[in-house]
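Coordinates as given in entry39.pdb (PDB, C-alpha atoms):
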```
MODEL        1
ATOM      1  CA  ILE A1107     -12.492  -4.953  -8.297  1.00  0.00           C
ATOM      2  CA  ILE A1108      -8.956  -3.915  -7.414  1.00  0.00           C
ATOM      3  CA  VAL A1109      -7.953  -4.369  -3.770  1.00  0.00           C
ATOM      4  CA  GLY A1110      -5.344  -1.803  -2.762  1.00  0.00           C
ATOM      5  CA  ALA A1111      -4.383   1.642  -4.075  1.00  0.00           C
ATOM      6  CA  GLY A1112      -0.630   1.181  -3.828  1.00  0.00           C
ATOM      7  CA  ILE A1113       1.769   0.674  -6.715  1.00  0.00           C
ATOM      8  CA  SER A1114       0.102  -2.557  -7.896  1.00  0.00           C
ATOM      9  CA  GLY A1115      -3.439  -1.210  -7.660  1.00  0.00           C
ATOM     10  CA  ILE A1116      -2.616   2.084  -9.353  1.00  0.00           C
ATOM     11  CA  GLY A1117      -0.704   0.337 -12.135  1.00  0.00           C
ATOM     12  CA  SER A1118      -3.524  -2.155 -12.666  1.00  0.00           C
ATOM     13  CA  ALA A1119      -6.130   0.611 -12.847  1.00  0.00           C
ATOM     14  CA  VAL A1120      -4.209   2.557 -15.487  1.00  0.00           C
ATOM     15  CA  TYR A1121      -3.597  -0.670 -17.435  1.00  0.00           C
ATOM     16  CA  LEU A1122      -7.363  -1.315 -17.464  1.00  0.00           C
ATOM     17  CA  GLN A1123      -8.143   2.267 -18.523  1.00  0.00           C
ATOM     18  CA  LYS A1124      -5.651   2.183 -21.371  1.00  0.00           C
ATOM     19  CA  ARG A1125      -7.427  -0.912 -22.695  1.00  0.00           C
ATOM     20  CA  GLY A1126     -10.878   0.657 -22.503  1.00  0.00           C
ATOM     21  CA  PHE A1127     -12.047  -0.940 -19.244  1.00  0.00           C
ATOM     22  CA  ASN A1128     -13.480   1.782 -17.041  1.00  0.00           C
ATOM     23  CA  ASN A1129     -16.039  -0.165 -15.031  1.00  0.00           C
ATOM     24  CA  TYR A1130     -13.871  -0.966 -12.015  1.00  0.00           C
ATOM     25  CA  GLN A1131     -13.589   0.044  -8.376  1.00  0.00           C
ATOM     26  CA  ILE A1132     -10.468   0.267  -6.211  1.00  0.00           C
ATOM     27  CA  PHE A1133     -10.865  -0.470  -2.498  1.00  0.00           C
ATOM     28  CA  GLU A1134      -8.276   1.117  -0.213  1.00  0.00           C
ATOM     29  CA  ARG A1135      -8.201   0.627   3.568  1.00  0.00           C
ATOM     30  CA  TYR A1136      -6.490   3.960   4.202  1.00  0.00           C
ATOM     31  CA  PRO A1137      -7.807   7.510   3.588  1.00  0.00           C
ATOM     32  CA  LYS A1138      -5.295   8.106   0.776  1.00  0.00           C
ATOM     33  CA  PRO A1139      -3.633   6.132  -2.024  1.00  0.00           C
ATOM     34  CA  GLY A1140       0.024   5.117  -2.015  1.00  0.00           C
ATOM     35  CA  GLY A1141       0.147   1.803  -0.161  1.00  0.00           C
ATOM     36  CA  THR A1142       3.484   1.264   1.541  1.00  0.00           C
ATOM     37  CA  TRP A1143       4.542   4.804   0.696  1.00  0.00           C
ATOM     38  CA  TYR A1144       1.507   6.237   2.481  1.00  0.00           C
ATOM     39  CA  GLU A1145       1.437   3.952   5.505  1.00  0.00           C
ATOM     40  CA  ASN A1146       5.141   3.834   6.456  1.00  0.00           C
ATOM     41  CA  SER A1147       6.353   6.915   8.286  1.00  0.00           C
ATOM     42  CA  TYR A1148       9.372   5.797  10.302  1.00  0.00           C
ATOM     43  CA  PRO A1149      12.426   8.085  10.276  1.00  0.00           C
ATOM     44  CA  GLY A1150      14.435   7.751   7.087  1.00  0.00           C
ATOM     45  CA  VAL A1151      11.931   5.529   5.263  1.00  0.00           C
ATOM     46  CA  ALA A1152      13.132   5.160   1.668  1.00  0.00           C
ATOM     47  CA  CYS A1153      13.239   2.645  -1.130  1.00  0.00           C
ATOM     48  CA  ASP A1154      15.959   0.008  -1.075  1.00  0.00           C
ATOM     49  CA  VAL A1155      16.263  -0.246  -4.854  1.00  0.00           C
ATOM     50  CA  SER A1156      17.028   2.484  -7.355  1.00  0.00           C
ATOM     51  CA  SER A1157      14.228   5.033  -7.565  1.00  0.00           C
ATOM     52  CA  HIS A1158      13.680   4.530 -11.294  1.00  0.00           C
ATOM     53  CA  TRP A1159      12.167   1.105 -10.499  1.00  0.00           C
ATOM     54  CA  PHE A1160       9.260   3.014  -8.958  1.00  0.00           C
ATOM     55  CA  SER A1161       8.414   4.714 -12.248  1.00  0.00           C
ATOM     56  CA  PHE A1162       5.574   3.246 -14.257  1.00  0.00           C
ATOM     57  CA  SER A1163       6.397   2.687 -17.932  1.00  0.00           C
ATOM     58  CA  PHE A1164       3.340   4.823 -18.784  1.00  0.00           C
ATOM     59  CA  ASN A1165       4.385   7.661 -16.463  1.00  0.00           C
ATOM     60  CA  ARG A1166       8.166   7.721 -16.234  1.00  0.00           C
ATOM     61  CA  ASN A1167       9.843   9.943 -13.707  1.00  0.00           C
ATOM     62  CA  MET A1168      13.234  11.025 -14.992  1.00  0.00           C
ATOM     63  CA  ASN A1169      13.731  13.528 -12.172  1.00  0.00           C
ATOM     64  CA  TRP A1170      14.106  11.537  -8.963  1.00  0.00           C
ATOM     65  CA  THR A1171      16.101  13.651  -6.518  1.00  0.00           C
ATOM     66  CA  LYS A1172      18.042  10.681  -5.107  1.00  0.00           C
ATOM     67  CA  LYS A1173      19.124   7.249  -6.246  1.00  0.00           C
ATOM     68  CA  PHE A1174      17.166   5.803  -3.285  1.00  0.00           C
ATOM     69  CA  SER A1175      14.248   8.190  -2.848  1.00  0.00           C
ATOM     70  CA  GLY A1176      12.404   8.757   0.388  1.00  0.00           C
ATOM     71  CA  ALA A1177       8.804   7.759   1.002  1.00  0.00           C
ATOM     72  CA  LYS A1178       7.513  11.313   0.631  1.00  0.00           C
ATOM     73  CA  GLU A1179       8.882  11.650  -2.906  1.00  0.00           C
ATOM     74  CA  ILE A1180       7.596   8.228  -3.960  1.00  0.00           C
ATOM     75  CA  TYR A1181       4.202   8.944  -2.401  1.00  0.00           C
ATOM     76  CA  GLU A1182       3.983  12.264  -4.269  1.00  0.00           C
ATOM     77  CA  TYR A1183       4.794  10.468  -7.545  1.00  0.00           C
ATOM     78  CA  LEU A1184       2.026   7.917  -6.910  1.00  0.00           C
ATOM     79  CA  TYR A1185      -0.416  10.664  -5.900  1.00  0.00           C
ATOM     80  CA  ASP A1186       0.423  12.616  -9.062  1.00  0.00           C
ATOM     81  CA  THR A1187      -0.097   9.447 -11.124  1.00  0.00           C
ATOM     82  CA  CYS A1188      -3.563   9.041  -9.596  1.00  0.00           C
ATOM     83  CA  LYS A1189      -4.319  12.665 -10.436  1.00  0.00           C
ATOM     84  CA  LYS A1190      -2.970  12.418 -13.992  1.00  0.00           C
ATOM     85  CA  TYR A1191      -5.083   9.330 -14.754  1.00  0.00           C
ATOM     86  CA  ASN A1192      -8.205  10.471 -12.869  1.00  0.00           C
ATOM     87  CA  LEU A1193      -8.165   7.578 -10.412  1.00  0.00           C
ATOM     88  CA  PHE A1194      -9.415   9.398  -7.313  1.00  0.00           C
ATOM     89  CA  SER A1195     -13.092   8.901  -8.233  1.00  0.00           C
ATOM     90  CA  LYS A1196     -12.443   5.175  -8.692  1.00  0.00           C
ATOM     91  CA  ILE A1197     -11.011   4.696  -5.183  1.00  0.00           C
ATOM     92  CA  LYS A1198     -13.257   3.850  -2.238  1.00  0.00           C
ATOM     93  CA  TYR A1199     -11.162   4.949   0.748  1.00  0.00           C
ATOM     94  CA  ASP A1200     -11.269   3.718   4.346  1.00  0.00           C
ATOM     95  CA  THR A1201     -12.640   0.394   3.113  1.00  0.00           C
ATOM     96  CA  LYS A1202     -10.855  -2.716   4.308  1.00  0.00           C
ATOM     97  CA  ILE A1203     -11.546  -5.916   2.389  1.00  0.00           C
ATOM     98  CA  VAL A1204     -11.694  -8.898   4.759  1.00  0.00           C
ATOM     99  CA  LYS A1205     -12.867 -11.674   2.457  1.00  0.00           C
ATOM    100  CA  ALA A1206     -12.918 -12.517  -1.228  1.00  0.00           C
ATOM    101  CA  SER A1207     -14.512 -15.678  -2.568  1.00  0.00           C
ATOM    102  CA  TRP A1208     -15.372 -17.071  -5.962  1.00  0.00           C
ATOM    103  CA  ASP A1209     -18.994 -18.076  -6.544  1.00  0.00           C
ATOM    104  CA  ASP A1210     -18.685 -20.981  -8.972  1.00  0.00           C
ATOM    105  CA  GLU A1211     -22.409 -21.089  -9.690  1.00  0.00           C
ATOM    106  CA  LEU A1212     -22.751 -17.385 -10.550  1.00  0.00           C
ATOM    107  CA  LYS A1213     -19.189 -17.109 -11.918  1.00  0.00           C
ATOM    108  CA  ILE A1214     -18.444 -13.945  -9.944  1.00  0.00           C
ATOM    109  CA  TRP A1215     -16.194 -12.771  -7.156  1.00  0.00           C
ATOM    110  CA  LYS A1216     -17.836 -11.753  -3.896  1.00  0.00           C
ATOM    111  CA  VAL A1217     -15.801  -9.279  -1.889  1.00  0.00           C
ATOM    112  CA  GLU A1218     -16.738  -8.381   1.673  1.00  0.00           C
ATOM    113  CA  THR A1219     -15.663  -5.269   3.558  1.00  0.00           C
ATOM    114  CA  GLU A1220     -14.909  -4.998   7.251  1.00  0.00           C
ATOM    115  CA  SER A1221     -18.280  -3.259   7.716  1.00  0.00           C
ATOM    116  CA  GLY A1222     -20.091  -6.208   6.117  1.00  0.00           C
ATOM    117  CA  GLN A1223     -20.862  -4.745   2.697  1.00  0.00           C
ATOM    118  CA  VAL A1224     -20.579  -7.220  -0.178  1.00  0.00           C
ATOM    119  CA  TYR A1225     -19.534  -6.256  -3.696  1.00  0.00           C
ATOM    120  CA  THR A1226     -19.402  -8.466  -6.767  1.00  0.00           C
ATOM    121  CA  ALA A1227     -17.191  -8.458  -9.845  1.00  0.00           C
ATOM    122  CA  ASN A1228     -16.215 -10.593 -12.829  1.00  0.00           C
ATOM    123  CA  CYS A1229     -12.544 -10.030 -12.079  1.00  0.00           C
ATOM    124  CA  LEU A1230     -10.534  -9.493  -8.910  1.00  0.00           C
ATOM    125  CA  ILE A1231      -7.053  -7.968  -8.812  1.00  0.00           C
ATOM    126  CA  ASN A1232      -5.172  -8.326  -5.529  1.00  0.00           C
ATOM    127  CA  GLY A1233      -2.905  -5.325  -5.118  1.00  0.00           C
ATOM    128  CA  THR A1234      -2.503  -5.575  -1.351  1.00  0.00           C
ATOM    129  CA  GLY A1235       1.241  -6.080  -1.423  1.00  0.00           C
ATOM    130  CA  ALA A1236       3.381  -8.238   0.775  1.00  0.00           C
ATOM    131  CA  LEU A1237       4.424  -5.724   3.406  1.00  0.00           C
ATOM    132  CA  ASN A1238       1.123  -4.442   4.772  1.00  0.00           C
ATOM    133  CA  ILE A1239       0.731  -6.719   7.794  1.00  0.00           C
ATOM    134  CA  PRO A1240       3.342  -6.242  10.533  1.00  0.00           C
ATOM    135  CA  LYS A1241       5.072  -9.439  11.625  1.00  0.00           C
ATOM    136  CA  LYS A1242       6.917  -9.037  14.874  1.00  0.00           C
ATOM    137  CA  PRO A1243       9.852 -11.439  15.100  1.00  0.00           C
ATOM    138  CA  MET A1244       9.853 -13.840  18.008  1.00  0.00           C
ATOM    139  CA  PHE A1245      13.258 -14.502  19.497  1.00  0.00           C
ATOM    140  CA  LYS A1246      14.340 -16.393  22.588  1.00  0.00           C
ATOM    141  CA  ASN A1247      13.156 -14.613  25.747  1.00  0.00           C
ATOM    142  CA  HIS A1248      11.492 -11.814  23.771  1.00  0.00           C
ATOM    143  CA  GLU A1249       8.748 -11.631  26.416  1.00  0.00           C
ATOM    144  CA  LYS A1250      11.352 -10.668  29.031  1.00  0.00           C
ATOM    145  CA  PHE A1251      12.430  -7.512  27.175  1.00  0.00           C
ATOM    146  CA  GLN A1252      11.424  -4.500  29.295  1.00  0.00           C
ATOM    147  CA  GLY A1253      12.028  -1.727  26.771  1.00  0.00           C
ATOM    148  CA  LYS A1254       9.702  -0.081  24.290  1.00  0.00           C
ATOM    149  CA  GLN A1255       8.805  -2.215  21.254  1.00  0.00           C
ATOM    150  CA  PHE A1256       7.014  -1.283  18.050  1.00  0.00           C
ATOM    151  CA  HIS A1257       7.034  -2.276  14.400  1.00  0.00           C
ATOM    152  CA  SER A1258       8.298   0.094  11.713  1.00  0.00           C
ATOM    153  CA  LEU A1259       4.843  -0.050  10.074  1.00  0.00           C
ATOM    154  CA  ASP A1260       3.311   1.223  13.326  1.00  0.00           C
ATOM    155  CA  TRP A1261       6.010   3.743  14.199  1.00  0.00           C
ATOM    156  CA  ASP A1262       5.425   5.493  17.523  1.00  0.00           C
ATOM    157  CA  HIS A1263       6.211   9.134  16.718  1.00  0.00           C
ATOM    158  CA  GLU A1264       5.569  10.125  20.338  1.00  0.00           C
ATOM    159  CA  TYR A1265       8.457   7.986  21.579  1.00  0.00           C
ATOM    160  CA  ASP A1266      11.807   9.806  21.535  1.00  0.00           C
ATOM    161  CA  ILE A1267      14.658   7.481  20.558  1.00  0.00           C
ATOM    162  CA  SER A1268      17.304  10.144  21.133  1.00  0.00           C
ATOM    163  CA  ASN A1269      20.174   8.967  23.357  1.00  0.00           C
ATOM    164  CA  LYS A1270      18.802   5.434  23.523  1.00  0.00           C
ATOM    165  CA  LYS A1271      20.181   2.137  22.307  1.00  0.00           C
ATOM    166  CA  VAL A1272      17.955   0.971  19.471  1.00  0.00           C
ATOM    167  CA  ALA A1273      17.902  -2.491  17.944  1.00  0.00           C
ATOM    168  CA  VAL A1274      16.257  -3.368  14.647  1.00  0.00           C
ATOM    169  CA  VAL A1275      15.211  -7.010  14.454  1.00  0.00           C
ATOM    170  CA  GLY A1276      14.206  -8.522  11.147  1.00  0.00           C
TER     171      GLY A1276
ENDMDL
END
```
Please lay out the structure from this file as structure tokens.
Amino acid sequence: IIVGAGISGIGSAVYLQKRGFNNYQIFERYPKPGGTWYENSYPGVACDVSSHWFSFSFNRNMNWTKKFSGAKEIYEYLYDTCKKYNLFSKIKYDTKIVKASWDDELKIWKVETESGQVYTANCLINGTGALNIPKKPMFKNHEKFQGKQFHSLDWDHEYDISNKKVAVVG
């Protein structure tokens, strides 16, 4: 079982395939692959390291359009990687994993979904990433702030920030 169809999950799946392991399942909580590059949609979202670091060694991209590519371009690269390596049939979308535990007696992993389904596997790869749970910073008197607040991961596209003072905390 691979949890997450972002960069780590996609890379792990291809690594397994290249070594002859095809009996695996990827669980992805969103309706599409891509991880961070699917879920983040705030204005100007882009990588903060050179784009070439987002190329897998097995699927190099020598044609990034910018040194620090935007989310759309990185997402398209990851999507194309899934297509090239036939990963779509291995991904179970809209499936959030809420618990993983090792059964010492049976020597297997038990993985439970949000809907209560339980899956088992000999091996578990955690590809959930470190940036998928919003953490809102708490600062002195934060509860007194009267303006609009939202996290970049949960960008409010309906809210117009034009002609407003905007602060980024964190």
Check: Of the candidates A:Gly1110, A:Asp1262, A:Lys1246, A:Asn1129, which shows the shortest atom-to-atom distance to A:Ala1227, using all atoms listed in the file?
Finding: A:Asn1129
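Reported to one decimal place, the separation of atom CA of A:Phe1256 from atom CA of A:Tyr1136 is 20.0 Å.
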Next item on the list: Determine, counting all atoms listed in the file, every residue of protein, DNA or RNA that lies within 12 Å of (0.5, 0.4, 14.7) in the file coordinates, then give the result as a ChimeraX atom specification.
Entry: /A:1145-1148,1238-1242,1255-1263
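Nearest to A:Lys1205 of all the residues A:Asp1266, A:Asn1165, A:Pro1243, A:Val1109 is A:Val1109, counting only C-alpha atoms.
Residues matching the PyMOL selection byres ((chain A and resi 1223) around 12) in this structure come to A:Thr1201, A:Lys1202, A:Ile1203, A:Val1204, A:Lys1205, A:Ala1206, A:Lys1216, A:Val1217, A:Glu1218, A:Thr1219, A:Glu1220, A:Ser1221, A:Gly1222, A:Val1224, A:Tyr1225, A:Thr1226.
Minimum distance to A:Pro1137 across A:Val1151, A:Cys1188, A:Ile1197, A:Ala1177 (counting all atoms listed in the file) occurs at A:Ile1197.
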Find the residues near A:Ala1111: any atom within 12 Å, counting all atoms listed in the file, skip ones fewer than 2 places away on the same chain, and give them as a CSV table (one decimal) with C-alpha atoms, in the coordinates of the input.
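What landed in out17.csv:
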```csv
chain,number,residue,atom,x,y,z
A,1107,ILE,CA,-12.5,-5.0,-8.3
A,1108,ILE,CA,-9.0,-3.9,-7.4
A,1109,VAL,CA,-8.0,-4.4,-3.8
A,1113,ILE,CA,1.8,0.7,-6.7
A,1114,SER,CA,0.1,-2.6,-7.9
A,1115,GLY,CA,-3.4,-1.2,-7.7
A,1116,ILE,CA,-2.6,2.1,-9.4
A,1117,GLY,CA,-0.7,0.3,-12.1
A,1118,SER,CA,-3.5,-2.2,-12.7
A,1119,ALA,CA,-6.1,0.6,-12.8
A,1120,VAL,CA,-4.2,2.6,-15.5
A,1131,GLN,CA,-13.6,0.0,-8.4
A,1132,ILE,CA,-10.5,0.3,-6.2
A,1133,PHE,CA,-10.9,-0.5,-2.5
A,1134,GLU,CA,-8.3,1.1,-0.2
A,1135,ARG,CA,-8.2,0.6,3.6
A,1136,TYR,CA,-6.5,4.0,4.2
A,1137,PRO,CA,-7.8,7.5,3.6
A,1138,LYS,CA,-5.3,8.1,0.8
A,1139,PRO,CA,-3.6,6.1,-2.0
A,1140,GLY,CA,0.0,5.1,-2.0
A,1141,GLY,CA,0.1,1.8,-0.2
A,1142,THR,CA,3.5,1.3,1.5
A,1143,TRP,CA,4.5,4.8,0.7
A,1144,TYR,CA,1.5,6.2,2.5
A,1145,GLU,CA,1.4,4.0,5.5
A,1181,TYR,CA,4.2,8.9,-2.4
A,1184,LEU,CA,2.0,7.9,-6.9
A,1185,TYR,CA,-0.4,10.7,-5.9
A,1187,THR,CA,-0.1,9.4,-11.1
A,1188,CYS,CA,-3.6,9.0,-9.6
A,1193,LEU,CA,-8.2,7.6,-10.4
A,1194,PHE,CA,-9.4,9.4,-7.3
A,1196,LYS,CA,-12.4,5.2,-8.7
A,1197,ILE,CA,-11.0,4.7,-5.2
A,1198,LYS,CA,-13.3,3.8,-2.2
A,1199,TYR,CA,-11.2,4.9,0.7
A,1200,ASP,CA,-11.3,3.7,4.3
A,1201,THR,CA,-12.6,0.4,3.1
A,1202,LYS,CA,-10.9,-2.7,4.3
A,1231,ILE,CA,-7.1,-8.0,-8.8
A,1232,ASN,CA,-5.2,-8.3,-5.5
A,1233,GLY,CA,-2.9,-5.3,-5.1
A,1234,THR,CA,-2.5,-5.6,-1.4
A,1235,GLY,CA,1.2,-6.1,-1.4
```
Checklist line | Pick from A:Cys1153, A:Gly1112, A:Trp1159, A:Tyr1130 nearest to A:Asn1228, counting all atoms listed in the file | finding: A:Tyr1130
